[in-house]
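Chemist: What follows is upload24.cif, made up of mmCIF, C-alpha atoms:
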data_structure
#
loop_
_atom_site.label_atom_id
_atom_site.label_comp_id
_atom_site.auth_asym_id
_atom_site.auth_seq_id
_atom_site.Cartn_x
_atom_site.Cartn_y
_atom_site.Cartn_z
CA LYS A 1 138.94 -95.46 -48.06
CA ALA A 2 140.23 -97.16 -44.97
CA GLY A 3 138.47 -96.28 -41.74
CA VAL A 4 139.88 -95.06 -38.48
CA THR A 5 142.29 -97.56 -36.99
CA GLN A 6 143.23 -97.88 -33.34
CA THR A 7 145.98 -99.93 -31.79
CA PRO A 8 146.14 -101.93 -29.71
CA ARG A 9 142.58 -103.26 -29.55
CA TYR A 10 142.99 -104.67 -26.05
CA LEU A 11 145.34 -103.82 -23.19
CA ILE A 12 145.76 -105.08 -19.68
CA LYS A 13 147.82 -102.97 -17.30
CA THR A 14 148.32 -102.73 -13.56
CA ARG A 15 147.77 -99.74 -11.32
CA GLY A 16 150.55 -97.19 -11.45
CA GLN A 17 151.69 -98.09 -14.95
CA GLN A 18 151.33 -95.84 -17.94
CA VAL A 19 149.82 -96.60 -21.33
CA THR A 20 149.93 -95.15 -24.84
CA LEU A 21 147.12 -95.65 -27.32
CA SER A 22 147.39 -94.90 -31.02
CA CYS A 23 144.88 -93.67 -33.57
CA SER A 24 145.26 -93.32 -37.33
CA PRO A 25 142.53 -91.16 -38.90
CA ILE A 26 140.81 -91.61 -42.22
CA SER A 27 143.09 -90.41 -45.01
CA GLY A 28 142.66 -86.66 -45.47
CA HIS A 29 141.08 -86.08 -42.07
CA ARG A 30 142.99 -83.62 -39.95
CA SER A 31 140.96 -83.52 -36.75
CA VAL A 32 141.23 -86.32 -34.21
CA SER A 33 139.12 -86.53 -31.07
CA TRP A 34 139.33 -88.96 -28.16
CA TYR A 35 136.51 -90.23 -25.97
CA GLN A 36 136.33 -92.46 -22.92
CA GLN A 37 133.39 -94.82 -22.50
CA THR A 38 132.56 -96.45 -19.16
CA PRO A 39 129.37 -98.12 -17.92
CA GLY A 40 129.01 -95.55 -15.16
CA GLN A 41 129.88 -92.29 -16.90
CA GLY A 42 128.96 -93.12 -20.47
CA LEU A 43 130.81 -91.44 -23.31
CA GLN A 44 132.95 -88.50 -22.30
CA PHE A 45 135.07 -86.21 -24.44
CA LEU A 46 138.78 -86.21 -23.64
CA PHE A 47 140.41 -83.88 -26.16
CA GLU A 48 140.60 -82.90 -29.81
CA TYR A 49 143.62 -82.23 -32.00
CA PHE A 50 143.84 -80.40 -35.28
CA SER A 51 147.06 -79.71 -37.15
CA GLU A 52 149.14 -80.93 -34.20
CA THR A 53 147.43 -78.49 -31.81
CA GLN A 54 145.04 -79.34 -29.01
CA ARG A 55 141.95 -77.26 -29.71
CA ASN A 56 139.62 -78.48 -27.02
CA LYS A 57 139.93 -80.45 -23.81
CA GLY A 58 137.41 -82.24 -21.64
CA ASN A 59 137.27 -82.40 -17.89
CA PHE A 60 139.90 -85.03 -17.18
CA PRO A 61 142.93 -84.91 -14.88
CA GLY A 62 146.37 -84.09 -16.20
CA ARG A 63 147.28 -87.79 -16.21
CA PHE A 64 145.49 -87.89 -19.53
CA SER A 65 147.45 -86.32 -22.35
CA GLY A 66 147.68 -86.57 -26.07
CA ARG A 67 149.47 -85.39 -29.13
CA GLN A 68 149.10 -85.33 -32.88
CA PHE A 69 151.79 -85.84 -35.46
CA SER A 70 152.28 -84.11 -38.80
CA ASN A 71 150.59 -87.02 -40.60
CA SER A 72 147.50 -86.48 -38.38
CA ARG A 73 148.05 -89.70 -36.44
CA SER A 74 147.37 -89.21 -32.77
CA GLU A 75 148.39 -90.81 -29.52
CA MET A 76 146.93 -90.52 -26.07
CA ASN A 77 148.81 -91.32 -22.92
CA VAL A 78 147.54 -92.12 -19.46
CA SER A 79 150.10 -92.04 -16.70
CA THR A 80 149.84 -93.55 -13.23
CA LEU A 81 146.89 -95.73 -14.13
CA GLU A 82 144.01 -96.12 -11.69
CA LEU A 83 141.36 -98.82 -11.57
CA GLY A 84 138.79 -96.27 -12.72
CA ASP A 85 140.68 -95.75 -15.98
CA SER A 86 139.40 -99.11 -17.21
CA ALA A 87 137.29 -98.19 -20.19
CA LEU A 88 136.81 -98.33 -23.92
CA TYR A 89 138.81 -95.50 -25.49
CA LEU A 90 137.41 -94.34 -28.79
CA CYS A 91 139.12 -92.19 -31.36
CA ALA A 92 137.23 -90.27 -34.03
CA SER A 93 138.41 -88.33 -37.05
CA SER A 94 136.81 -85.63 -39.17
CA TYR A 95 137.74 -83.11 -41.86
CA PRO A 96 138.25 -80.72 -40.19
CA VAL A 97 134.91 -79.72 -38.63
CA ASP A 98 132.37 -82.23 -39.77
CA THR A 99 130.83 -85.57 -38.92
CA GLN A 100 133.12 -87.62 -36.70
CA TYR A 101 133.87 -91.17 -37.74
CA PHE A 102 134.97 -93.54 -35.02
CA GLY A 103 137.49 -96.32 -34.83
CA PRO A 104 136.90 -99.73 -33.21
CA GLY A 105 138.26 -98.56 -29.87
CA THR A 106 140.92 -99.78 -27.45
CA ARG A 107 139.61 -101.67 -24.46
CA LEU A 108 141.85 -100.93 -21.47
CA THR A 109 141.67 -103.03 -18.32
CA VAL A 110 143.53 -101.84 -15.25
CA LEU A 111 144.15 -104.50 -12.58
CA ALA B 1 126.36 -76.34 -21.02
CA GLN B 2 125.04 -78.86 -23.47
CA LYS B 3 123.01 -81.87 -22.46
CA ILE B 4 121.49 -84.83 -24.27
CA THR B 5 118.74 -86.92 -22.69
CA GLN B 6 117.67 -90.35 -23.89
CA THR B 7 114.83 -91.56 -21.70
CA GLN B 8 114.52 -95.10 -23.01
CA PRO B 9 117.19 -97.37 -21.51
CA GLY B 10 115.92 -100.32 -23.51
CA MET B 11 113.41 -101.08 -26.24
CA PHE B 12 112.11 -104.34 -27.64
CA VAL B 13 110.60 -104.36 -31.13
CA GLN B 14 109.36 -107.04 -33.48
CA GLU B 15 111.26 -107.48 -36.72
CA LYS B 16 109.91 -105.39 -39.63
CA GLU B 17 108.20 -102.91 -37.32
CA ALA B 18 109.19 -99.24 -37.25
CA VAL B 19 110.83 -97.94 -34.10
CA THR B 20 111.34 -94.44 -32.70
CA LEU B 21 114.21 -93.71 -30.34
CA ASP B 22 113.76 -90.54 -28.30
CA CYS B 23 116.34 -87.78 -27.84
CA THR B 24 115.95 -84.36 -26.28
CA TYR B 25 118.70 -81.81 -26.00
CA ASP B 26 119.55 -78.59 -24.28
CA THR B 27 121.98 -75.95 -25.49
CA SER B 28 122.41 -72.21 -25.63
CA ASP B 29 124.55 -72.38 -28.76
CA PRO B 30 122.86 -70.84 -31.81
CA SER B 31 124.46 -73.32 -34.19
CA TYR B 32 124.79 -77.01 -33.50
CA GLY B 33 124.50 -80.43 -35.06
CA LEU B 34 122.67 -83.50 -33.89
CA PHE B 35 123.98 -86.98 -34.62
CA TRP B 36 122.89 -90.54 -34.12
CA TYR B 37 125.38 -93.37 -33.76
CA LYS B 38 124.91 -97.12 -33.51
CA GLN B 39 127.19 -99.20 -31.31
CA PRO B 40 127.04 -102.98 -31.79
CA SER B 41 128.49 -105.28 -29.17
CA SER B 42 131.87 -105.05 -30.95
CA GLY B 43 132.20 -101.50 -29.62
CA GLU B 44 132.68 -99.46 -32.78
CA MET B 45 130.51 -96.35 -33.08
CA ILE B 46 128.82 -96.28 -36.48
CA PHE B 47 127.56 -92.94 -37.79
CA LEU B 48 123.94 -93.09 -38.91
CA ILE B 49 122.54 -89.64 -39.55
CA TYR B 50 123.13 -85.91 -39.04
CA GLN B 51 120.84 -82.90 -38.65
CA GLY B 52 122.07 -79.32 -38.58
CA SER B 53 120.25 -76.83 -36.41
CA TYR B 54 119.48 -74.61 -39.40
CA ASP B 55 118.38 -77.42 -41.71
CA GLN B 56 114.78 -76.86 -42.75
CA GLN B 57 114.06 -80.45 -43.68
CA ASN B 58 114.38 -83.57 -41.58
CA ALA B 59 117.39 -85.70 -42.50
CA THR B 60 116.97 -89.14 -44.03
CA GLU B 61 119.50 -91.88 -44.76
CA GLY B 62 118.01 -95.05 -46.15
CA ARG B 63 115.89 -96.66 -43.41
CA TYR B 64 116.92 -93.95 -40.93
CA SER B 65 115.19 -90.62 -40.55
CA LEU B 66 115.55 -87.93 -37.94
CA ASN B 67 112.41 -86.26 -36.61
CA PHE B 68 113.79 -82.82 -35.73
CA GLN B 69 111.52 -80.52 -33.71
CA LYS B 70 113.61 -77.49 -32.86
CA ALA B 71 111.03 -75.74 -30.70
CA ARG B 72 110.67 -78.84 -28.56
CA LYS B 73 114.42 -79.50 -28.64
CA SER B 74 113.94 -83.04 -29.76
CA ALA B 75 115.74 -85.12 -32.38
CA ASN B 76 114.17 -88.56 -32.47
CA LEU B 77 115.57 -91.34 -34.66
CA VAL B 78 113.09 -93.36 -36.67
CA ILE B 79 114.13 -96.73 -38.07
CA SER B 80 111.71 -98.13 -40.60
CA ALA B 81 111.27 -101.84 -41.27
CA SER B 82 113.57 -102.96 -38.46
CA GLN B 83 115.96 -105.87 -39.02
CA LEU B 84 117.66 -108.29 -36.64
CA GLY B 85 120.96 -106.56 -37.38
CA ASP B 86 119.58 -103.33 -35.94
CA SER B 87 119.95 -104.76 -32.43
CA ALA B 88 122.56 -102.53 -30.77
CA MET B 89 123.06 -99.50 -28.53
CA TYR B 90 122.00 -96.22 -30.09
CA PHE B 91 123.45 -92.90 -29.01
CA CYS B 92 122.20 -89.41 -29.70
CA ALA B 93 124.92 -86.77 -29.69
CA MET B 94 125.24 -83.03 -30.10
CA GLY B 95 128.15 -81.22 -31.64
CA SER B 96 128.86 -77.54 -31.28
CA ILE B 97 131.58 -75.62 -32.99
CA ILE B 98 133.32 -73.47 -30.46
CA GLN B 99 136.25 -71.44 -31.64
CA GLY B 100 136.88 -73.81 -34.48
CA ALA B 101 137.03 -76.85 -32.29
CA GLN B 102 134.44 -79.51 -31.97
CA LYS B 103 133.39 -82.02 -29.39
CA LEU B 104 130.42 -84.32 -29.09
CA VAL B 105 128.21 -84.61 -26.05
CA PHE B 106 126.45 -87.96 -25.88
CA GLY B 107 123.29 -89.21 -24.24
CA GLN B 108 123.26 -92.35 -22.12
CA GLY B 109 122.04 -94.48 -25.01
CA THR B 110 119.12 -96.79 -25.76
CA ARG B 111 119.61 -100.52 -26.11
CA LEU B 112 117.43 -101.70 -28.98
CA THR B 113 116.58 -105.38 -29.31
CA ILE B 114 114.84 -106.65 -32.43
CA ASN B 115 112.89 -109.86 -31.89
CA PRO B 116 112.30 -112.32 -34.77
#
Is it possible to give me this structure as structure tokens?

Modeler:
Amino acid sequence: KAGVTQTPRYLIKTRGQQVTLSCSPISGHRSVSWYQQTPGQGLQFLFEYFSETQRNKGNFPGRFSGRQFSNSRSEMNVSTLELGDSALYLCASSYPVDTQYFGPGTRLTVL
Amino acid sequence: AQKITQTQPGMFVQEKEAVTLDCTYDTSDPSYGLFWYKQPSSGEMIFLIYQGSYDQQNATEGRYSLNFQKARKSANLVISASQLGDSAMYFCAMGSIIQGAQKLVFGQGTRLTINP
């Protein structure tokens, strides 16, 4: 079985821009979660989607949003980028409440 | 609120030795799961082992075992016969199922270095 895939792997944006990250879960997995990893804050939960519905949300501003499609693929969007949004964004999938398996991450740099 | 504490920022171990990575947790949830993940420099989080809060026996997966002491709220990872490829960041995490949803709370991690 193919693992979780995330695209793109690397992104460089400037302040004020917006960005969309994509995550394709393991085949058959219906839950997708997103995490942000920074050196200062560590790993923090952003949100989780199951069957196209957001079931849980972390403590992040509204600039961070996401969605899930009928094929369980998920996207997260960050609008009006700030320097502090530079991070590794990790996506994880599970079926549907179980061990989470992570993708390779998208490394976002905001200049 | 849930909290995971990993008190060892870094550890240095000789190859082939066993190593214990510490993890303590705090939660008021009656049902929860404890996970360990490995993160090499490439960034991907690799699942290692899982322990459910109601599991009577400690979990084992190959060279990995989880020393679960519920009364002490600790879930230490033991790696036997360490290898050079074990050098990485290790994260302890807790998952709680709330209203059908799930999220993981992570500790700050321990950087393990295996010396030849």

Chemist: Quick one: apply the PyMOL selection byres ((chain A) within 12 of (chain B)) to the file and drop the selected residues here as a PyMOL selection string.

Modeler: chain A and resi 3-6+9-10+30-51+53-58+87-107

Chemist: Set the distance at 6 Å and use all atoms listed in the file: which residues neighbour Glu75 (chain A) once local chain neighbours fewer than 5 positions away are removed? I'd like the list as a PyMOL selection string.

Modeler: chain A and resi 21-22+66-67

Chemist: At most 8 Å from (144.5, -84.1, -44.3), file frame, only C-alpha atoms: which residues, as a PyMOL selection string?

Modeler: chain A and resi 27-30+71-72+95

Chemist: Filtering to C-alpha atoms, could you give me those residues as a short mmCIF file (atom, residue, chain, number, x, y, z; two decimals), in the frame of the given file?

Modeler:
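Result file again_22.cif:
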data_model
loop_
_atom_site.label_atom_id
_atom_site.label_comp_id
_atom_site.auth_asym_id
_atom_site.auth_seq_id
_atom_site.Cartn_x
_atom_site.Cartn_y
_atom_site.Cartn_z
CA SER A 27 143.09 -90.41 -45.01
CA GLY A 28 142.66 -86.66 -45.47
CA HIS A 29 141.08 -86.08 -42.07
CA ARG A 30 142.99 -83.62 -39.95
CA ASN A 71 150.59 -87.02 -40.60
CA SER A 72 147.50 -86.48 -38.38
CA TYR A 95 137.74 -83.11 -41.86
#

Chemist: Just to confirm, what's the straight-line distance from CA of Glu17 (chain B) to CA of Leu112 (chain B) in Å (one decimal)?

Modeler: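 Spanning CA of Glu17 (chain B) to CA of Leu112 (chain B) is a straight-line distance of 12.5 Å.
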
Chemist: My list of candidates is B:Asn67, B:Asp86, B:Ser74, B:Lys38. Which is closest to Ile4 (chain B) when distances are computed with all atoms listed in the file?

Modeler: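 For Ile4 (chain B), the nearest of the candidates is B:Ser74.
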
Chemist: Which polymer residues have any atom within 8 Å of an atom of region 6-16 of chain B, counting all atoms listed in the file, with same-chain residues fewer than 3 positions away left out, as a ChimeraX atom specification?

Modeler: /B:19,21-24,80-84,92,107-116

Chemist: What is the CA of Glu52 (chain A)-CA of Asn77 (chain A) distance in Å, reported with one decimal?

Modeler: 15.3 Å

Chemist: Would you list the contacts of Thr27 (chain B) as an NGL selection string, taking every protein, DNA or RNA residue within 8 Å and counting only C-alpha atoms, but skipping same-chain residues closer than 3 positions in sequence?

Modeler: :B and (1-3)

Chemist: So the first atom is CA of Ala75 (chain B) and the second is CA of Asn58 (chain B); what is the distance between them in Å, to one decimal place?

Modeler: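 Separation between CA of Ala75 (chain B) and CA of Asn58 (chain B): 9.4 Å.
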
Chemist: Report as a PyMOL selection string the full result of the PyMOL selection byres ((chain B and resi 60) around 12) when it is applied to this structure.

Modeler: chain B and resi 35-36+48-51+57-59+61-68+76-80

Chemist: Do you know which residues are at most 7 Å from Ile12 (chain A) counting all atoms listed in the file, after dropping those on the same chain fewer than 6 positions away, and could you put them as a PyMOL selection string?

Modeler: chain A and resi 108-110

Chemist: List as a PyMOL selection string the protein and nucleic acid residues near Gln17 (chain A), meaning an atom at most 12 Å away when all atoms listed in the file are counted, but skip any in the same chain fewer than 2 places from it.

Modeler: chain A and resi 11-15+19-20+63+77-83+85+109-111

Chemist: Would you put the residues from that selection into a file with C-alpha atoms, as a PDB file, keeping the file's coordinate frame?

Modeler:
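So the final result, stored in again.pdb, reads:
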ATOM      1  CA  LEU A  11     145.340-103.820 -23.190  1.00  0.00           C
ATOM      2  CA  ILE A  12     145.760-105.080 -19.680  1.00  0.00           C
ATOM      3  CA  LYS A  13     147.820-102.970 -17.300  1.00  0.00           C
ATOM      4  CA  THR A  14     148.320-102.730 -13.560  1.00  0.00           C
ATOM      5  CA  ARG A  15     147.770 -99.740 -11.320  1.00  0.00           C
ATOM      6  CA  VAL A  19     149.820 -96.600 -21.330  1.00  0.00           C
ATOM      7  CA  THR A  20     149.930 -95.150 -24.840  1.00  0.00           C
ATOM      8  CA  ARG A  63     147.280 -87.790 -16.210  1.00  0.00           C
ATOM      9  CA  ASN A  77     148.810 -91.320 -22.920  1.00  0.00           C
ATOM     10  CA  VAL A  78     147.540 -92.120 -19.460  1.00  0.00           C
ATOM     11  CA  SER A  79     150.100 -92.040 -16.700  1.00  0.00           C
ATOM     12  CA  THR A  80     149.840 -93.550 -13.230  1.00  0.00           C
ATOM     13  CA  LEU A  81     146.890 -95.730 -14.130  1.00  0.00           C
ATOM     14  CA  GLU A  82     144.010 -96.120 -11.690  1.00  0.00           C
ATOM     15  CA  LEU A  83     141.360 -98.820 -11.570  1.00  0.00           C
ATOM     16  CA  ASP A  85     140.680 -95.750 -15.980  1.00  0.00           C
ATOM     17  CA  THR A 109     141.670-103.030 -18.320  1.00  0.00           C
ATOM     18  CA  VAL A 110     143.530-101.840 -15.250  1.00  0.00           C
ATOM     19  CA  LEU A 111     144.150-104.500 -12.580  1.00  0.00           C
TER      20      LEU A 111
END

Chemist: Using all atoms listed in the file, which residue out of B:Gln56, B:Gln69, B:Thr20, B:Ser31 lies closest to Tyr90 (chain B)?

Modeler: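 Of all the options, B:Thr20 lies closest to Tyr90 (chain B).
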
Chemist: Box along x, y and z, 6 Å on every side, all listed atoms of region 34-37 of chain B inside: centre and edge lengths in Å to one decimal, as AutoDock Vina command-line options.

Modeler:
--center_x 124.0 --center_y -88.4 --center_z -34.2 --size_x 14.7 --size_y 21.9 --size_z 12.9
